[in-house]
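Asker: Quick one, run.txt (compact mmCIF, C-alpha atoms):
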# COMPACT_ATOMS: atom_id res chain seq x y z
CA MET A 1 113.09 107.34 94.77
CA SER A 2 110.11 107.60 92.40
CA PHE A 3 106.70 106.17 93.19
CA LEU A 4 107.24 103.21 90.86
CA GLN A 5 110.74 102.56 92.22
CA GLU A 6 109.27 102.42 95.72
CA LEU A 7 106.67 99.93 94.53
CA ALA A 8 109.34 97.83 92.79
CA ALA A 9 111.34 97.68 96.01
CA LYS A 10 108.22 96.61 97.88
CA ALA A 11 107.41 93.87 95.33
CA ALA A 12 110.98 92.57 95.54
CA GLY A 13 110.49 91.93 99.23
CA HIS A 14 108.05 89.13 98.46
CA PRO A 15 108.11 88.20 94.75
CA MET A 16 104.83 86.72 93.58
CA ARG A 17 104.22 84.21 90.78
CA VAL A 18 102.71 86.05 87.82
CA ALA A 19 101.20 84.01 84.97
CA PHE A 20 101.56 85.49 81.48
CA PRO A 21 99.21 83.91 78.94
CA GLU A 22 100.48 86.24 76.21
CA ALA A 23 104.15 85.50 76.76
CA GLU A 24 104.80 85.17 73.03
CA ASN A 25 104.16 88.87 72.68
CA GLU A 26 107.54 90.60 72.61
CA LYS A 27 106.60 93.58 74.78
CA MET A 28 104.97 91.33 77.34
CA MET A 29 107.97 89.01 77.48
CA HIS A 30 110.37 91.94 77.87
CA ALA A 31 108.26 93.49 80.64
CA ALA A 32 108.07 90.16 82.46
CA TYR A 33 111.81 89.67 82.06
CA GLU A 34 112.68 93.12 83.43
CA CYS A 35 110.47 92.51 86.45
CA VAL A 36 112.21 89.17 87.04
CA GLN A 37 115.64 90.76 86.63
CA GLU A 38 114.73 93.34 89.27
CA GLY A 39 113.58 90.57 91.59
CA CYS A 40 109.98 91.83 91.68
CA ILE A 41 108.22 88.68 90.47
CA LYS A 42 108.55 85.08 89.36
CA ALA A 43 107.28 85.00 85.78
CA ILE A 44 105.36 81.96 84.54
CA LEU A 45 105.09 81.87 80.75
CA VAL A 46 101.92 80.02 79.80
CA GLY A 47 101.63 78.39 76.39
CA ASP A 48 104.02 76.35 74.26
CA SER A 49 107.09 76.10 76.48
CA GLU A 50 109.50 75.14 73.72
CA LYS A 51 108.37 78.06 71.62
CA ASN A 52 108.57 80.47 74.55
CA ARG A 53 112.09 79.30 75.38
CA THR A 54 113.17 79.77 71.76
CA LEU A 55 111.54 83.20 71.57
CA ALA A 56 113.26 84.28 74.78
CA ALA A 57 116.66 83.25 73.45
CA GLU A 58 116.02 84.90 70.08
CA ARG A 59 115.12 88.11 71.91
CA GLY A 60 118.39 88.07 73.83
CA LEU A 61 116.78 87.07 77.12
CA ASP A 62 118.02 84.28 79.37
CA PRO A 63 115.35 81.55 79.05
CA GLU A 64 116.34 80.14 82.43
CA LYS A 65 114.97 83.22 84.17
CA PHE A 66 111.40 82.15 83.38
CA ILE A 67 109.16 79.39 84.70
CA TYR A 68 107.24 77.58 81.98
CA ALA A 69 103.69 76.23 82.07
CA ASP A 70 103.19 74.05 79.03
CA MET A 71 99.58 73.82 77.92
CA GLN A 72 100.31 70.45 76.28
CA ASP A 73 101.49 68.98 79.56
CA GLU A 74 98.60 66.59 80.20
CA GLU A 75 99.82 65.68 83.67
CA MET A 76 99.84 69.32 84.73
CA LYS A 77 96.46 69.93 83.16
CA ALA A 78 94.93 66.96 84.98
CA ARG A 79 96.42 68.17 88.28
CA LEU A 80 95.05 71.69 87.74
CA ILE A 81 91.61 70.41 86.84
CA GLU A 82 91.53 68.20 89.92
CA LYS A 83 92.54 71.10 92.17
CA TYR A 84 90.13 73.52 90.51
CA ILE A 85 87.10 71.25 90.68
CA ALA A 86 87.77 70.64 94.37
CA LEU A 87 87.53 74.36 95.14
CA PRO A 88 84.32 75.63 96.72
CA ASP A 89 82.05 77.79 94.53
CA THR A 90 83.51 76.69 91.21
CA ARG A 91 80.97 75.51 88.69
CA LEU A 92 82.76 74.20 85.63
CA LYS A 93 83.26 70.46 85.55
CA GLU A 94 86.12 68.51 84.02
CA LYS A 95 85.01 68.37 80.40
CA ALA A 96 84.00 72.02 80.22
CA LEU A 97 87.14 73.12 82.03
CA ASN A 98 89.32 71.05 79.75
CA ARG A 99 87.79 72.81 76.77
CA ARG A 100 88.25 76.27 78.27
CA MET A 101 91.87 75.45 79.08
CA GLN A 102 92.72 75.23 75.39
CA ASP A 103 92.89 78.99 75.69
CA PRO A 104 96.03 80.37 77.40
CA LEU A 105 94.08 83.06 79.30
CA HIS A 106 91.74 80.50 80.83
CA PHE A 107 94.67 78.14 81.47
CA ALA A 108 96.53 80.87 83.37
CA MET A 109 93.47 81.70 85.42
CA VAL A 110 92.89 78.05 86.32
CA MET A 111 96.52 77.97 87.52
CA GLU A 112 95.82 81.03 89.63
CA ALA A 113 92.55 79.73 91.05
CA ALA A 114 94.24 76.40 91.82
CA GLY A 115 97.02 78.15 93.73
CA GLU A 116 99.82 77.61 91.21
CA ALA A 117 100.06 81.32 90.34
CA ASP A 118 99.28 84.48 92.28
CA VAL A 119 98.36 86.86 89.45
CA THR A 120 97.11 86.56 85.88
CA PHE A 121 98.44 89.38 83.74
CA ALA A 122 97.02 89.86 80.24
CA GLY A 123 95.48 92.35 77.85
CA ILE A 124 98.13 93.04 75.23
CA ASN A 125 96.30 90.83 72.70
CA TYR A 126 93.15 89.87 74.62
CA THR A 127 90.49 92.55 74.90
CA THR A 128 89.38 93.95 78.24
CA GLU A 129 86.11 92.08 77.75
CA ASP A 130 88.01 88.79 77.27
CA VAL A 131 89.89 89.33 80.51
CA LEU A 132 86.83 90.39 82.50
CA LEU A 133 84.68 87.51 81.30
CA ALA A 134 87.36 84.88 81.79
CA GLY A 135 88.02 86.32 85.24
CA GLN A 136 84.38 86.03 86.19
CA MET A 137 84.11 82.49 84.80
CA ILE A 138 87.31 81.06 86.22
CA VAL A 139 88.52 83.14 89.18
CA GLY A 140 85.11 84.40 90.29
CA LEU A 141 84.09 87.40 92.34
CA LYS A 142 84.93 88.04 95.97
CA GLU A 143 82.33 87.04 98.53
CA GLY A 144 79.74 89.81 98.83
CA ILE A 145 80.96 91.73 95.77
CA SER A 146 78.54 92.02 92.85
CA THR A 147 80.65 93.68 90.19
CA VAL A 148 84.09 93.88 88.70
CA SER A 149 85.42 97.42 88.69
CA SER A 150 88.68 99.32 88.65
CA ILE A 151 90.61 102.10 90.23
CA GLY A 152 93.43 104.22 88.91
CA LEU A 153 96.21 105.87 90.85
CA CYS A 154 96.95 109.45 89.94
CA GLU A 155 100.25 111.12 90.74
CA ILE A 156 99.46 114.82 90.39
CA PRO A 157 102.38 117.26 90.49
CA GLY A 158 101.73 120.03 92.99
CA PHE A 159 98.63 118.40 94.47
CA ALA A 160 98.73 118.54 98.25
CA GLY A 161 96.18 115.94 99.20
CA SER A 162 96.03 113.74 102.25
CA GLU A 163 98.51 111.35 100.57
CA GLY A 164 100.68 114.04 99.04
CA GLU A 165 100.53 113.98 95.26
CA LEU A 166 98.70 110.66 95.10
CA LEU A 167 94.96 110.15 94.75
CA ALA A 168 93.06 106.94 93.97
CA VAL A 169 90.03 107.29 91.71
CA GLY A 170 87.46 104.77 90.54
CA ASP A 171 85.78 103.51 88.54
CA SER A 172 87.07 105.21 85.42
CA ALA A 173 87.26 102.17 83.18
CA VAL A 174 84.94 99.21 83.73
CA CYS A 175 81.50 99.60 85.31
CA ALA A 176 79.59 102.03 83.09
CA ASN A 177 76.43 102.86 84.96
CA PRO A 178 76.58 101.23 88.38
CA SER A 179 73.47 100.68 90.44
CA PRO A 180 73.65 101.93 94.06
CA GLU A 181 74.60 98.39 95.14
CA GLN A 182 77.35 98.20 92.54
CA LEU A 183 78.60 101.68 93.40
CA ALA A 184 78.86 100.61 97.03
CA ASP A 185 80.82 97.52 95.97
CA ILE A 186 83.17 99.64 93.84
CA ALA A 187 83.96 101.76 96.91
CA ILE A 188 84.49 98.73 99.16
CA SER A 189 86.78 97.10 96.60
CA ALA A 190 88.66 100.38 96.11
CA CYS A 191 89.33 100.64 99.84
CA GLU A 192 90.74 97.12 99.83
CA THR A 193 92.83 97.79 96.73
CA VAL A 194 94.59 100.88 98.11
CA HIS A 195 95.17 99.15 101.42
CA GLU A 196 96.73 96.13 99.68
CA LEU A 197 98.85 98.21 97.35
CA LEU A 198 99.87 101.23 99.39
CA ASP A 199 99.13 100.33 102.99
CA TRP A 200 96.89 103.38 103.15
CA GLU A 201 94.09 103.63 105.63
CA PRO A 202 91.40 104.32 103.04
CA ARG A 203 89.21 107.41 103.37
CA CYS A 204 86.71 106.99 100.62
CA ALA A 205 84.40 109.73 99.30
CA PHE A 206 81.42 109.24 97.01
CA ILE A 207 81.38 112.12 94.53
CA SER A 208 78.28 113.98 93.38
CA TYR A 209 77.29 117.50 92.37
CA SER A 210 75.74 117.73 95.82
CA THR A 211 77.31 117.86 99.28
CA LEU A 212 75.11 116.25 101.92
CA GLY A 213 71.84 117.30 100.37
CA SER A 214 72.87 120.66 98.90
CA GLY A 215 71.46 119.41 95.60
CA GLN A 216 68.50 117.18 94.84
CA GLY A 217 67.51 114.75 92.15
CA SER A 218 67.76 111.14 91.08
CA LEU A 219 71.50 111.39 90.38
CA VAL A 220 72.11 112.49 93.97
CA ASP A 221 69.69 109.87 95.34
CA LYS A 222 71.68 107.10 93.66
CA VAL A 223 74.91 108.23 95.32
CA LYS A 224 73.24 108.69 98.72
CA GLU A 225 71.82 105.18 98.53
CA ALA A 226 75.23 103.81 97.60
CA VAL A 227 76.81 105.51 100.63
CA GLU A 228 74.24 103.93 102.93
CA ILE A 229 74.71 100.47 101.43
CA ALA A 230 78.50 100.70 101.65
CA LYS A 231 78.42 101.87 105.26
CA GLU A 232 76.04 99.11 106.21
CA LYS A 233 78.09 96.43 104.44
CA ARG A 234 81.42 97.61 105.79
CA PRO A 235 81.02 99.73 108.92
CA ASP A 236 84.73 99.21 109.58
CA LEU A 237 85.70 101.35 106.56
CA LYS A 238 85.90 105.13 106.46
CA ILE A 239 83.38 105.78 103.72
CA ASP A 240 81.33 108.95 103.44
CA GLY A 241 79.37 111.21 101.11
CA GLU A 242 77.76 112.39 99.05
CA PHE A 243 80.36 115.11 98.54
CA GLN A 244 81.32 117.48 95.78
CA LEU A 245 84.90 116.88 94.70
CA ASP A 246 86.23 119.97 96.49
CA ALA A 247 84.45 119.04 99.72
CA ALA A 248 86.04 115.60 99.46
CA ILE A 249 89.66 116.63 99.01
CA VAL A 250 90.07 120.26 100.11
CA PRO A 251 90.02 120.69 103.91
CA ALA A 252 88.96 124.37 103.80
CA VAL A 253 85.99 123.60 101.56
CA ALA A 254 85.03 120.61 103.69
CA ALA A 255 85.09 122.80 106.81
CA LYS A 256 82.65 125.16 105.13
CA LYS A 257 80.30 122.69 103.43
CA VAL A 258 80.29 119.63 105.69
CA LYS A 259 78.56 120.64 108.89
CA ARG A 260 78.86 117.35 110.70
CA GLU A 261 81.63 115.03 111.82
CA SER A 262 83.33 113.22 108.97
CA GLU A 263 86.51 111.15 108.89
CA VAL A 264 86.62 111.55 105.12
CA ALA A 265 85.54 115.06 104.08
CA GLY A 266 88.48 117.23 103.05
CA LYS A 267 90.96 114.39 103.40
CA ALA A 268 89.70 111.66 101.09
CA ASN A 269 92.39 109.53 99.48
CA VAL A 270 89.93 107.46 97.44
CA ILE A 271 87.38 109.12 95.14
CA ILE A 272 84.41 107.17 93.80
CA TRP A 273 82.82 108.61 90.66
CA PRO A 274 79.05 108.18 90.27
CA ASP A 275 79.40 106.66 86.78
CA LEU A 276 81.77 106.14 83.89
CA ASN A 277 80.88 109.44 82.17
CA VAL A 278 82.23 111.31 85.16
CA GLY A 279 85.07 108.85 85.73
CA ASN A 280 86.41 109.03 82.22
CA ALA A 281 86.18 112.82 82.07
CA GLY A 282 87.61 113.15 85.57
CA VAL A 283 90.74 111.16 84.83
CA LYS A 284 91.33 113.00 81.56
CA LEU A 285 91.00 116.35 83.32
CA ILE A 286 93.52 115.26 85.94
CA GLN A 287 95.90 114.06 83.24
CA ILE A 288 95.57 116.96 80.82
CA MET A 289 95.18 119.90 83.16
CA GLY A 290 96.87 118.47 86.23
CA HIS A 291 99.72 116.92 84.22
CA ALA A 292 99.25 113.76 86.23
CA ASP A 293 100.59 110.29 85.63
CA ALA A 294 97.75 107.82 85.90
CA TYR A 295 98.56 104.21 86.80
CA GLY A 296 96.16 101.38 86.20
CA PRO A 297 93.39 100.51 85.73
CA LEU A 298 93.71 98.07 88.59
CA LEU A 299 90.91 95.54 88.29
CA GLN A 300 89.16 94.72 91.53
CA GLY A 301 86.33 92.56 92.75
CA PHE A 302 87.86 89.22 91.74
CA LYS A 303 88.74 86.61 94.35
CA LYS A 304 92.36 86.84 93.25
CA ILE A 305 94.36 89.43 91.33
CA VAL A 306 93.62 89.67 87.62
CA CYS A 307 95.22 92.43 85.60
CA ASP A 308 94.22 93.81 82.23
CA CYS A 309 96.71 96.12 80.56
CA SER A 310 96.18 98.51 77.68
CA ARG A 311 96.79 96.95 74.28
CA SER A 312 99.03 99.85 73.35
CA ALA A 313 100.96 99.83 76.63
CA PRO A 314 104.72 100.29 76.34
CA VAL A 315 107.06 98.02 78.32
CA SER A 316 107.48 100.63 81.08
CA GLU A 317 103.71 100.82 81.64
CA LEU A 318 103.39 97.04 81.59
CA LYS A 319 106.12 96.79 84.21
CA GLY A 320 104.34 99.26 86.49
CA ASN A 321 101.11 97.32 86.24
CA ILE A 322 102.82 93.95 86.77
CA ILE A 323 104.52 95.27 89.90
CA MET A 324 101.32 96.77 91.30
CA SER A 325 99.46 93.50 90.69
CA ALA A 326 102.18 91.54 92.41
CA ILE A 327 102.10 93.77 95.49
CA ARG A 328 98.34 93.41 95.74
CA ALA A 329 98.63 89.64 95.48
CA ALA A 330 101.25 89.58 98.22
CA ALA A 331 98.93 91.53 100.51
CA GLN A 332 95.99 89.16 100.04
CA MET B 1 67.81 66.23 72.12
CA ASP B 2 64.54 67.75 70.92
CA ARG B 3 63.41 71.29 71.66
CA THR B 4 61.01 70.30 74.44
CA GLU B 5 63.71 68.36 76.27
CA LEU B 6 66.16 71.23 75.85
CA GLU B 7 63.66 73.73 77.27
CA SER B 8 62.97 71.45 80.18
CA GLN B 9 66.68 71.08 81.00
CA ILE B 10 67.30 74.81 80.79
CA PHE B 11 64.25 75.53 82.98
CA GLU B 12 65.65 73.10 85.54
CA ILE B 13 69.07 74.79 85.55
CA ILE B 14 67.55 78.27 85.83
CA ALA B 15 65.15 77.25 88.58
CA GLN B 16 68.00 75.81 90.62
CA LEU B 17 70.31 78.78 90.15
CA TYR B 18 67.76 81.55 90.62
CA LYS B 19 65.92 79.65 93.36
CA LYS B 20 62.58 79.63 91.54
CA ASP B 21 59.96 76.96 90.97
CA GLU B 22 60.25 75.45 87.52
CA GLU B 23 56.49 75.91 87.11
CA GLU B 24 56.96 79.69 87.37
CA LEU B 25 59.24 79.77 84.35
CA THR B 26 58.13 80.26 80.75
CA LEU B 27 59.94 81.10 77.56
CA GLU B 28 58.77 84.68 78.09
CA THR B 29 60.32 84.98 81.57
CA ARG B 30 62.70 87.95 81.52
CA PHE B 31 66.08 87.65 83.22
CA ALA B 32 66.39 91.23 84.45
CA GLU B 33 62.81 92.06 85.34
CA ASP B 34 61.39 88.69 86.44
CA LEU B 35 64.40 86.81 87.78
CA GLY B 36 66.64 89.63 88.99
CA GLY B 37 69.86 88.49 90.58
CA ALA B 38 73.44 89.55 90.15
CA SER B 39 75.44 89.03 86.99
CA VAL B 40 77.35 86.38 88.88
CA LEU B 41 74.29 84.14 88.45
CA MET B 42 74.72 84.43 84.70
CA VAL B 43 78.24 83.05 85.10
CA GLY B 44 76.73 80.10 86.94
CA LEU B 45 74.11 79.66 84.27
CA VAL B 46 76.65 79.56 81.44
CA SER B 47 78.78 77.12 83.44
CA GLU B 48 75.87 74.78 84.17
CA ILE B 49 74.75 74.79 80.54
CA GLU B 50 78.30 73.91 79.54
CA ASN B 51 78.50 71.15 82.14
CA GLU B 52 75.10 69.61 81.57
CA LEU B 53 74.48 70.20 77.87
CA ASP B 54 78.08 70.29 76.66
CA VAL B 55 77.45 73.55 74.84
CA MET B 56 79.75 76.52 75.29
CA ILE B 57 77.85 79.80 75.32
CA GLN B 58 79.86 82.99 75.63
CA LEU B 59 79.01 84.94 78.76
CA GLN B 60 78.36 88.11 76.79
CA ASP B 61 75.93 86.23 74.49
CA ALA B 62 74.05 84.84 77.48
CA ALA B 63 73.98 88.25 79.14
CA ALA B 64 72.44 89.68 75.95
CA CYS B 65 69.46 87.30 76.20
CA GLU B 66 66.42 89.18 77.41
CA THR B 67 64.22 86.15 78.02
CA VAL B 68 64.60 82.48 78.83
CA GLY B 69 63.34 81.76 75.31
CA ASP B 70 66.19 83.81 73.84
CA LEU B 71 68.65 81.69 75.81
CA VAL B 72 67.05 78.44 74.67
CA ASP B 73 67.30 79.69 71.07
CA LYS B 74 70.96 80.53 71.58
CA VAL B 75 71.77 77.11 73.03
CA GLU B 76 69.84 75.38 70.27
CA GLU B 77 71.75 77.40 67.69
CA GLU B 78 75.07 76.35 69.25
CA MET B 79 73.99 72.68 69.28
CA GLU B 80 73.30 72.60 65.56
What does the file become when written as structure tokens?

Answerer:
Amino acid sequence: MSFLQELAAKAAGHPMRVAFPEAENEKMMHAAYECVQEGCIKAILVGDSEKNRTLAAERGLDPEKFIYADMQDEEMKARLIEKYIALPDTRLKEKALNRRMQDPLHFAMVMEAAGEADVTFAGINYTTEDVLLAGQMIVGLKEGISTVSSIGLCEIPGFAGSEGELLAVGDSAVCANPSPEQLADIAISACETVHELLDWEPRCAFISYSTLGSGQGSLVDKVKEAVEIAKEKRPDLKIDGEFQLDAAIVPAVAAKKVKRESEVAGKANVIIWPDLNVGNAGVKLIQIMGHADAYGPLLQGFKKIVCDCSRSAPVSELKGNIIMSAIRAAAQ
Amino acid sequence: MDRTELESQIFEIIAQLYKKDEEELTLETRFAEDLGGASVLMVGLVSEIENELDVMIQLQDAAACETVGDLVDKVEEEME
């Protein structure tokens, strides 16, 4: 069974309600439909219900397999607004919320925040920025987390890491130049993400060109500070660094370079890049030279699961991301 | 609403969100250097402006404002 088939089987054990604000998009509707057919999710198509039903039928899909959230349904809108406004830590009031809910992405996220959906899945037409900003406005950030970020999951043929061929890496997509505080939050969120998705016990390494002081400079200082902040915020997590990449994931190198006890060195399953320059290059190296499949990015830091897909994603990639989002939602 | 009233309302919202005295704030007050705070406060600021002044400012536009004066200009522009 492949990695994605295993995830699909896991999602089918507890199918979550996924809201699709871009349901009119053919690829998105097909991906949602296939996930429903495999029992992985319950798909809520947000928008003009009549139009979505017609489109489904025209595309050869059974319209009865979907749940519809009609944005013109005033009764539903009023109910959502009432529920949303009653939530703690939400700021928008009725009039402002009503205006935002003219947009399907915001409507879907209000459904999610109000407990009528478990995931918002978008990004085929909306930009990443649209999704991130709407997520911050409507869903909000987790308590104690200061930034949205992402991780990717790499399946690297021949890699013999502590989780076999799998390695989680972040942030390779969202937070460009994180402060030490933000870097710490990226690591904390990444630990939670891999635990939700894969049931891993996270062992999270902060990556640098230095291993425990072997190199000096402001770039190293930033990572060291992030390690301290993360450990202080979440002493329950196995977080350590700063490590060079080899010291983080190769036991023999860790034994040589890390001269103190570490529950992470040499066996990290989560790698935290110091910034997006490294993250972007790192993932591309893994993909091009390691012939890896990279899944994600999985957005993290929001109170609930929000997923942004690539605008050029094929149906198969969309399905993988929908399933991963659903599993994370089920674990929350 | 005239400019002075708009400034006063925005000062009040900022003071409340960033836990500052209104008297400390000027149009030259800089968000990053003088007020600090996480980006999540900017979300609150945009929301409060939308609630209280009925003006929808995009989060990215608000985040691009260097000073309180820039934000007041932006809101005024949207109100026109």

Asker: Give me, as a list in words, the contact residues of chain B against chain A at a cut-off of 10 Å, counting only C-alpha atoms.

Answerer: Gly37, Ala38, Ser39, Val40, Leu41, Met42, Val43, Gly44, Leu45, Val46, Ser47, Glu48, Ile49, Glu50, Asn51, Glu52, Leu53, Asp54, Val55, Met56, Gln58, Leu59 and Gln60 of chain B

Asker: Could you work out how far atom CA of A:Lys319 lies from atom CA of A:Gln102, giving the answer in Å with one decimal?

Answerer: 26.9 Å

Asker: Pick out the residues sitting within 9 Å of A:Glu317, and hand them over as a PyMOL selection string; count all atoms listed in the file, and ignore anything fewer than 5 positions along from it in its own chain.

Answerer: chain A and resi 31+295-296+309-310+322

Asker: What gap, in Å, lies between atom CA of A:Ala23 and atom CA of A:Leu45?

Answerer: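 Distance between the two atoms: 5.5 Å.
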
Asker: Taking into account all atoms listed in the file, which residue in the set B:Glu5, B:Glu80, B:Glu12, B:Asp61 is nearest to B:Leu25?

Answerer: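 Going through B:Glu5, B:Glu80, B:Glu12, B:Asp61 one by one, the smallest distance to B:Leu25 is for B:Glu12.
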